>>> print(open('data-v8.pdb').read())   # PDB, C-alpha atoms
ATOM      1  CA  MET A  49      91.682 137.366 159.662
ATOM      2  CA  GLY A  50      90.793 138.670 156.228
ATOM      3  CA  LYS A  51      92.874 138.697 153.085
ATOM      4  CA  LEU A  52      93.787 141.265 150.433
ATOM      5  CA  PHE A  53      93.622 140.230 146.786
ATOM      6  CA  LEU A  54      95.371 142.396 144.176
ATOM      7  CA  VAL A  55      93.371 141.806 141.010
ATOM      8  CA  PRO A  56      94.513 142.957 137.547
ATOM      9  CA  THR A  57      91.799 144.271 135.221
ATOM     10  CA  PRO A  58      91.880 144.585 131.406
ATOM     11  CA  ILE A  59      93.866 147.495 129.960
ATOM     12  CA  GLY A  60      91.405 147.742 127.084
ATOM     13  CA  ASN A  61      89.988 144.506 125.753
ATOM     14  CA  LEU A  62      87.541 143.084 128.294
ATOM     15  CA  GLU A  63      88.293 139.544 127.127
ATOM     16  CA  ASP A  64      91.693 139.813 128.818
ATOM     17  CA  ILE A  65      90.257 139.395 132.318
ATOM     18  CA  THR A  66      90.925 135.962 133.810
ATOM     19  CA  LEU A  67      88.335 133.487 135.066
ATOM     20  CA  ARG A  68      90.088 133.545 138.434
ATOM     21  CA  ALA A  69      89.847 137.327 138.639
ATOM     22  CA  ILE A  70      86.089 137.181 138.042
ATOM     23  CA  LYS A  71      85.731 134.465 140.701
ATOM     24  CA  VAL A  72      87.671 136.475 143.309
ATOM     25  CA  LEU A  73      85.780 139.689 142.573
ATOM     26  CA  LYS A  74      82.485 137.853 143.075
ATOM     27  CA  GLU A  75      83.536 136.172 146.327
ATOM     28  CA  VAL A  76      85.182 138.993 148.324
ATOM     29  CA  ASP A  77      83.213 141.223 150.694
ATOM     30  CA  VAL A  78      84.269 144.525 149.132
ATOM     31  CA  ILE A  79      86.195 145.775 146.100
ATOM     32  CA  LEU A  80      88.497 148.783 146.493
ATOM     33  CA  ALA A  81      88.474 150.660 143.190
ATOM     34  CA  GLU A  82      90.512 153.591 141.890
ATOM     35  CA  ASP A  83      87.437 155.047 140.142
ATOM     36  CA  THR A  84      84.126 153.433 141.075
ATOM     37  CA  ARG A  85      82.468 154.750 137.896
ATOM     38  CA  THR A  86      85.030 153.111 135.631
ATOM     39  CA  SER A  87      85.105 149.879 137.645
ATOM     40  CA  GLY A  88      81.322 149.862 137.904
ATOM     41  CA  LYS A  89      81.052 149.400 134.138
ATOM     42  CA  LEU A  90      83.494 146.475 134.258
ATOM     43  CA  LEU A  91      81.646 144.758 137.108
ATOM     44  CA  LYS A  92      78.284 145.247 135.422
ATOM     45  CA  HIS A  93      79.626 143.643 132.241
ATOM     46  CA  PHE A  94      80.649 140.521 134.166
ATOM     47  CA  GLU A  95      77.555 140.537 136.430
ATOM     48  CA  ILE A  96      79.551 141.148 139.604
ATOM     49  CA  ASP A  97      77.488 142.808 142.339
ATOM     50  CA  THR A  98      80.135 143.025 145.093
ATOM     51  CA  PRO A  99      80.067 146.433 146.881
ATOM     52  CA  LEU A 100      82.586 149.010 145.625
ATOM     53  CA  GLN A 101      84.615 151.434 147.744
ATOM     54  CA  SER A 102      86.692 154.293 146.382
ATOM     55  CA  HIS A 103      90.433 153.915 146.961
ATOM     56  CA  HIS A 104      92.725 156.263 145.023
ATOM     57  CA  MET A 105      95.921 158.303 145.380
ATOM     58  CA  HIS A 106      94.109 161.173 147.108
ATOM     59  CA  ASN A 107      92.540 159.142 149.915
ATOM     60  CA  GLU A 108      94.682 156.016 150.306
ATOM     61  CA  HIS A 109      96.756 157.451 153.176
ATOM     62  CA  LYS A 110      93.626 158.360 155.157
ATOM     63  CA  GLN A 111      92.045 154.944 154.659
ATOM     64  CA  LEU A 112      94.980 152.730 155.615
ATOM     65  CA  LYS A 113      94.263 152.357 159.330
ATOM     66  CA  SER A 114      90.570 151.670 158.794
ATOM     67  CA  LEU A 115      91.165 149.135 156.015
ATOM     68  CA  VAL A 116      93.789 147.283 158.047
ATOM     69  CA  GLN A 117      91.381 147.059 160.989
ATOM     70  CA  LYS A 118      88.640 145.644 158.735
ATOM     71  CA  LEU A 119      91.023 143.100 157.246
ATOM     72  CA  LYS A 120      92.123 142.049 160.724
ATOM     73  CA  GLY A 121      88.460 141.642 161.572
ATOM     74  CA  GLY A 122      87.941 139.128 158.789
ATOM     75  CA  THR A 123      86.863 141.240 155.806
ATOM     76  CA  GLN A 124      87.951 139.812 152.451
ATOM     77  CA  MET A 125      89.019 142.616 150.090
ATOM     78  CA  ALA A 126      90.018 142.916 146.444
ATOM     79  CA  LEU A 127      91.932 145.918 145.141
ATOM     80  CA  ILE A 128      91.662 146.925 141.486
ATOM     81  CA  SER A 129      92.863 149.907 139.486
ATOM     82  CA  ASP A 130      91.169 151.476 136.467
ATOM     83  CA  ALA A 131      93.225 149.237 134.184
ATOM     84  CA  GLY A 132      96.076 146.773 134.604
ATOM     85  CA  THR A 133      97.763 145.490 137.734
ATOM     86  CA  PRO A 134      97.327 147.484 140.980
ATOM     87  CA  ALA A 135     100.403 149.285 142.367
ATOM     88  CA  ILE A 136     102.101 149.535 138.957
ATOM     89  CA  SER A 137     101.977 153.348 138.605
ATOM     90  CA  ASP A 138      98.617 153.099 140.406
ATOM     91  CA  PRO A 139      97.396 152.888 144.026
ATOM     92  CA  GLY A 140      98.155 149.653 145.846
ATOM     93  CA  PHE A 141     101.643 149.801 147.302
ATOM     94  CA  LEU A 142     100.713 151.569 150.547
ATOM     95  CA  LEU A 143      97.931 149.127 151.422
ATOM     96  CA  THR A 144     100.029 146.111 150.431
ATOM     97  CA  ARG A 145     102.897 147.283 152.632
ATOM     98  CA  ALA A 146     100.531 147.938 155.543
ATOM     99  CA  CYS A 147      99.099 144.409 155.210
ATOM    100  CA  VAL A 148     102.571 142.854 155.163
ATOM    101  CA  GLU A 149     103.567 144.855 158.246
ATOM    102  CA  ASN A 150     100.433 143.700 160.081
ATOM    103  CA  GLY A 151     100.666 140.030 159.160
ATOM    104  CA  ILE A 152      97.681 140.153 156.804
ATOM    105  CA  GLU A 153      97.872 137.777 153.855
ATOM    106  CA  VAL A 154      98.217 139.369 150.424
ATOM    107  CA  GLU A 155      97.693 137.514 147.155
ATOM    108  CA  CYS A 156      98.380 139.081 143.759
ATOM    109  CA  LEU A 157      96.722 137.483 140.752
ATOM    110  CA  PRO A 158      98.580 137.454 137.425
ATOM    111  CA  GLY A 159      97.052 139.467 134.633
ATOM    112  CA  ALA A 160      97.163 142.462 132.348
ATOM    113  CA  THR A 161      99.982 145.002 132.652
ATOM    114  CA  ALA A 162     100.566 147.506 129.836
ATOM    115  CA  PHE A 163     104.352 147.567 129.842
ATOM    116  CA  VAL A 164     104.805 143.817 129.229
ATOM    117  CA  PRO A 165     103.270 143.601 125.711
ATOM    118  CA  ALA A 166     104.823 146.967 124.821
ATOM    119  CA  LEU A 167     108.272 145.724 125.818
ATOM    120  CA  VAL A 168     107.926 142.340 124.128
ATOM    121  CA  ASN A 169     106.678 143.693 120.792
ATOM    122  CA  SER A 170     109.178 146.576 120.699
ATOM    123  CA  GLY A 171     111.833 144.338 119.188
ATOM    124  CA  LEU A 172     114.360 145.656 121.722
ATOM    125  CA  PRO A 173     116.301 143.376 124.111
ATOM    126  CA  ASN A 174     114.007 142.268 126.951
ATOM    127  CA  ASP A 175     116.155 139.742 128.809
ATOM    128  CA  ARG A 176     117.143 142.653 131.065
ATOM    129  CA  PHE A 177     115.163 145.866 131.376
ATOM    130  CA  VAL A 178     114.329 148.666 133.788
ATOM    131  CA  PHE A 179     110.789 149.943 134.370
ATOM    132  CA  GLU A 180     110.710 153.693 135.087
ATOM    133  CA  GLY A 181     106.968 154.362 134.876
ATOM    134  CA  PHE A 182     106.216 158.088 134.760
ATOM    135  CA  LEU A 183     109.238 160.396 134.931
ATOM    136  CA  PRO A 184     109.193 163.274 137.432
ATOM    137  CA  VAL A 185     107.307 166.212 135.922
ATOM    138  CA  LYS A 186     109.641 168.931 137.166
ATOM    139  CA  LYS A 187     111.747 168.383 140.270
ATOM    140  CA  GLY A 188     114.303 165.659 139.731
ATOM    141  CA  ARG A 189     113.527 165.136 136.037
ATOM    142  CA  GLN A 190     116.858 166.410 134.716
ATOM    143  CA  THR A 191     118.802 164.419 137.313
ATOM    144  CA  ARG A 192     116.862 161.270 136.417
ATOM    145  CA  LEU A 193     117.462 161.716 132.699
ATOM    146  CA  LYS A 194     121.200 162.204 133.239
ATOM    147  CA  LEU A 195     121.369 158.944 135.199
ATOM    148  CA  LEU A 196     119.300 157.041 132.634
ATOM    149  CA  ALA A 197     121.534 158.261 129.800
ATOM    150  CA  GLU A 198     124.129 155.798 131.127
ATOM    151  CA  GLU A 199     121.666 152.904 131.574
ATOM    152  CA  SER A 200     122.634 149.904 129.426
ATOM    153  CA  ARG A 201     119.374 147.979 129.857
ATOM    154  CA  THR A 202     116.218 148.588 127.821
ATOM    155  CA  MET A 203     114.100 151.257 129.528
ATOM    156  CA  VAL A 204     110.304 151.325 129.785
ATOM    157  CA  PHE A 205     108.273 154.468 130.502
ATOM    158  CA  TYR A 206     104.619 155.457 130.809
ATOM    159  CA  GLU A 207     103.537 158.788 129.353
ATOM    160  CA  SER A 208     100.356 160.738 128.662
ATOM    161  CA  PRO A 209      99.500 161.839 125.095
ATOM    162  CA  HIS A 210      99.905 165.594 125.668
ATOM    163  CA  LYS A 211     103.371 165.134 127.204
ATOM    164  CA  LEU A 212     104.769 162.585 124.747
ATOM    165  CA  ALA A 213     106.449 165.056 122.352
ATOM    166  CA  LYS A 214     108.132 166.876 125.239
ATOM    167  CA  THR A 215     109.390 163.621 126.758
ATOM    168  CA  LEU A 216     110.691 162.307 123.423
ATOM    169  CA  THR A 217     112.452 165.646 122.883
ATOM    170  CA  HIS A 218     114.157 165.236 126.261
ATOM    171  CA  PHE A 219     115.162 161.673 125.331
ATOM    172  CA  VAL A 220     116.761 162.905 122.107
ATOM    173  CA  GLU A 221     118.586 165.597 124.081
ATOM    174  CA  TYR A 222     119.899 163.320 126.836
ATOM    175  CA  PHE A 223     120.133 159.898 125.142
ATOM    176  CA  GLY A 224     120.885 160.894 121.547
ATOM    177  CA  GLY A 225     118.556 160.845 118.561
ATOM    178  CA  ASP A 226     119.897 157.571 117.176
ATOM    179  CA  ARG A 227     118.772 155.423 120.124
ATOM    180  CA  PRO A 228     116.259 152.757 119.040
ATOM    181  CA  ALA A 229     112.787 153.286 120.456
ATOM    182  CA  SER A 230     109.233 152.018 120.304
ATOM    183  CA  VAL A 231     105.988 153.714 121.304
ATOM    184  CA  SER A 232     102.843 151.619 121.831
ATOM    185  CA  ARG A 233      99.451 153.198 122.304
ATOM    186  CA  GLU A 234      95.936 151.898 122.947
ATOM    187  CA  LEU A 235      97.237 148.393 123.640
ATOM    188  CA  THR A 236      94.622 145.618 123.212
ATOM    189  CA  LYS A 237      92.102 148.140 121.831
ATOM    190  CA  MET A 238      90.712 148.590 118.319
ATOM    191  CA  TYR A 239      93.201 151.297 117.334
ATOM    192  CA  GLU A 240      96.288 149.699 118.861
ATOM    193  CA  GLU A 241      99.465 151.016 117.276
ATOM    194  CA  THR A 242     103.206 150.519 117.761
ATOM    195  CA  VAL A 243     105.676 152.913 116.142
ATOM    196  CA  ARG A 244     109.323 151.828 115.985
ATOM    197  CA  GLY A 245     112.476 153.619 114.872
ATOM    198  CA  THR A 246     115.141 155.916 116.267
ATOM    199  CA  LEU A 247     114.126 158.471 118.879
ATOM    200  CA  THR A 248     114.374 161.174 116.215
ATOM    201  CA  GLU A 249     112.125 159.229 113.838
ATOM    202  CA  VAL A 250     109.552 158.426 116.508
ATOM    203  CA  LEU A 251     109.501 162.060 117.671
ATOM    204  CA  GLU A 252     108.953 163.247 114.098
ATOM    205  CA  TYR A 253     106.097 160.783 113.629
ATOM    206  CA  PHE A 254     104.198 161.865 116.730
ATOM    207  CA  THR A 255     104.926 165.551 116.122
ATOM    208  CA  ASN A 256     103.101 165.230 112.798
ATOM    209  CA  LYS A 257     100.460 162.916 114.220
ATOM    210  CA  PRO A 258      99.624 163.827 117.852
ATOM    211  CA  PRO A 259      98.730 160.632 119.740
ATOM    212  CA  LYS A 260      95.595 159.667 121.624
ATOM    213  CA  GLY A 261      95.191 157.077 124.347
ATOM    214  CA  GLU A 262      97.534 155.574 126.921
ATOM    215  CA  LEU A 263     101.188 155.236 125.910
ATOM    216  CA  VAL A 264     104.176 153.037 126.708
ATOM    217  CA  VAL A 265     107.607 154.190 125.526
ATOM    218  CA  VAL A 266     110.462 151.686 125.212
ATOM    219  CA  VAL A 267     114.013 152.956 124.662
ATOM    220  CA  GLY A 268     117.165 150.975 123.963
ATOM    221  CA  GLY A 269     119.955 151.193 126.520
ATOM    222  CA  LYS A 270     123.363 152.753 126.003
ATOM    223  CA  LYS A 271     125.702 150.542 124.034
ATOM    224  CA  PRO A 272     129.112 149.722 125.538
TER     225      PRO A 272
END
>>> encode(input="data-v8.pdb", output="structure tokens")
Amino acid sequence: MGKLFLVPTPIGNLEDITLRAIKVLKEVDVILAEDTRTSGKLLKHFEIDTPLQSHHMHNEHKQLKSLVQKLKGGTQMALISDAGTPAISDPGFLLTRACVENGIEVECLPGATAFVPALVNSGLPNDRFVFEGFLPVKKGRQTRLKLLAEESRTMVFYESPHKLAKTLTHFVEYFGGDRPASVSRELTKMYEETVRGTLTEVLEYFTNKPPKGELVVVVGGKKP
């Protein structure tokens, strides 16, 4: 029987890939990639010539049965996302669950994940935290925000640049403008930046200076 490897890839700086990740990517029979064009550049940089197969949110349901059959037949597979650890706000959960249900071994390598450095360097309590990823765009958003307004642990969110101001505005509305917050963008890249302050201060900053790049928002929990 084959095996599925979940392999984290750098979130920006290529030096953050591990030696073990490179070894696994070279040894497996096929690499499932969220975007083969993006992953192709990474593999070329590290001289990895393993065949790539597209595996993303729009086709992962259709591929499950076929991939499980190949794994049962002995194919060794690695799953990577465009950046970071697979299944964290990226494809990976469905295939992992299918492997577990079918008795196929799954091994997840440790490696880059955007929310960890953002949380640690926020200066907010990180002994207990809740990872929310991307909030619902429309349906369920208000309900989620009302629930999170009572959350006492530090909260971690992912957000896109063009939606950041709207999301921060909602946080001010539901959580209060004096909540401590931190926004990290372009982590590990040349223009990495972390902005800290109250939600009101952070919103004002990014209203005057619209952000670029991937973002992680960390918000302090409700005080007793």
>>> resolve_selection(input="data-v8.pdb", expression="the PyMOL selection byres ((chain A and resi 91) around 12)", output="JSON, numbers by chain")
{"A": [57, 58, 62, 65, 69, 70, 71, 72, 73, 74, 79, 81, 84, 85, 86, 87, 88, 89, 90, 92, 93, 94, 95, 96, 97, 98, 99, 100, 128, 130]}
>>> residues_around(input="data-v8.pdb", residues="Thr144 of chain A", least_positions_apart="3", cutoff="12 Å", atoms="all atoms listed in the file", output="JSON, numbers by chain")
{"A": [51, 52, 53, 54, 108, 112, 115, 116, 119, 125, 126, 127, 134, 135, 139, 140, 141, 147, 148, 149, 150, 151, 152, 153, 154, 155, 156]}
>>> closest_residue(input="data-v8.pdb", among="A:Gly225, A:Gly268, A:Gly261, A:Pro209", to="Ile59 of chain A", atoms="only C-alpha atoms")
A:Gly261
>>> closest_residue(input="data-v8.pdb", among="A:Glu207, A:Glu262, A:Asp226, A:Asp64", to="Glu240 of chain A", atoms="all atoms listed in the file")
A:Glu262
>>> closest_residue(input="data-v8.pdb", among="A:Gly60, A:Gly188, A:Gly121, A:Gly132", to="Glu82 of chain A", atoms="only C-alpha atoms")
A:Gly132
>>> atom_distance(input="data-v8.pdb", atom1="atom CA of Gly171 of chain A", atom2="atom CA of Arg201 of chain A")
13.6 Å
>>> atom_distance(input="data-v8.pdb", atom1="atom CA of Thr202 of chain A", atom2="atom CA of Gly245 of chain A")
14.4 Å
>>> atom_distance(input="data-v8.pdb", atom1="atom CA of Gly181 of chain A", atom2="atom CA of Val204 of chain A")
6.8 Å
>>> closest_residue(input="data-v8.pdb", among="A:Leu172, A:Leu143, A:Val178, A:Leu247", to="Lys113 of chain A", atoms="only C-alpha atoms")
A:Leu143
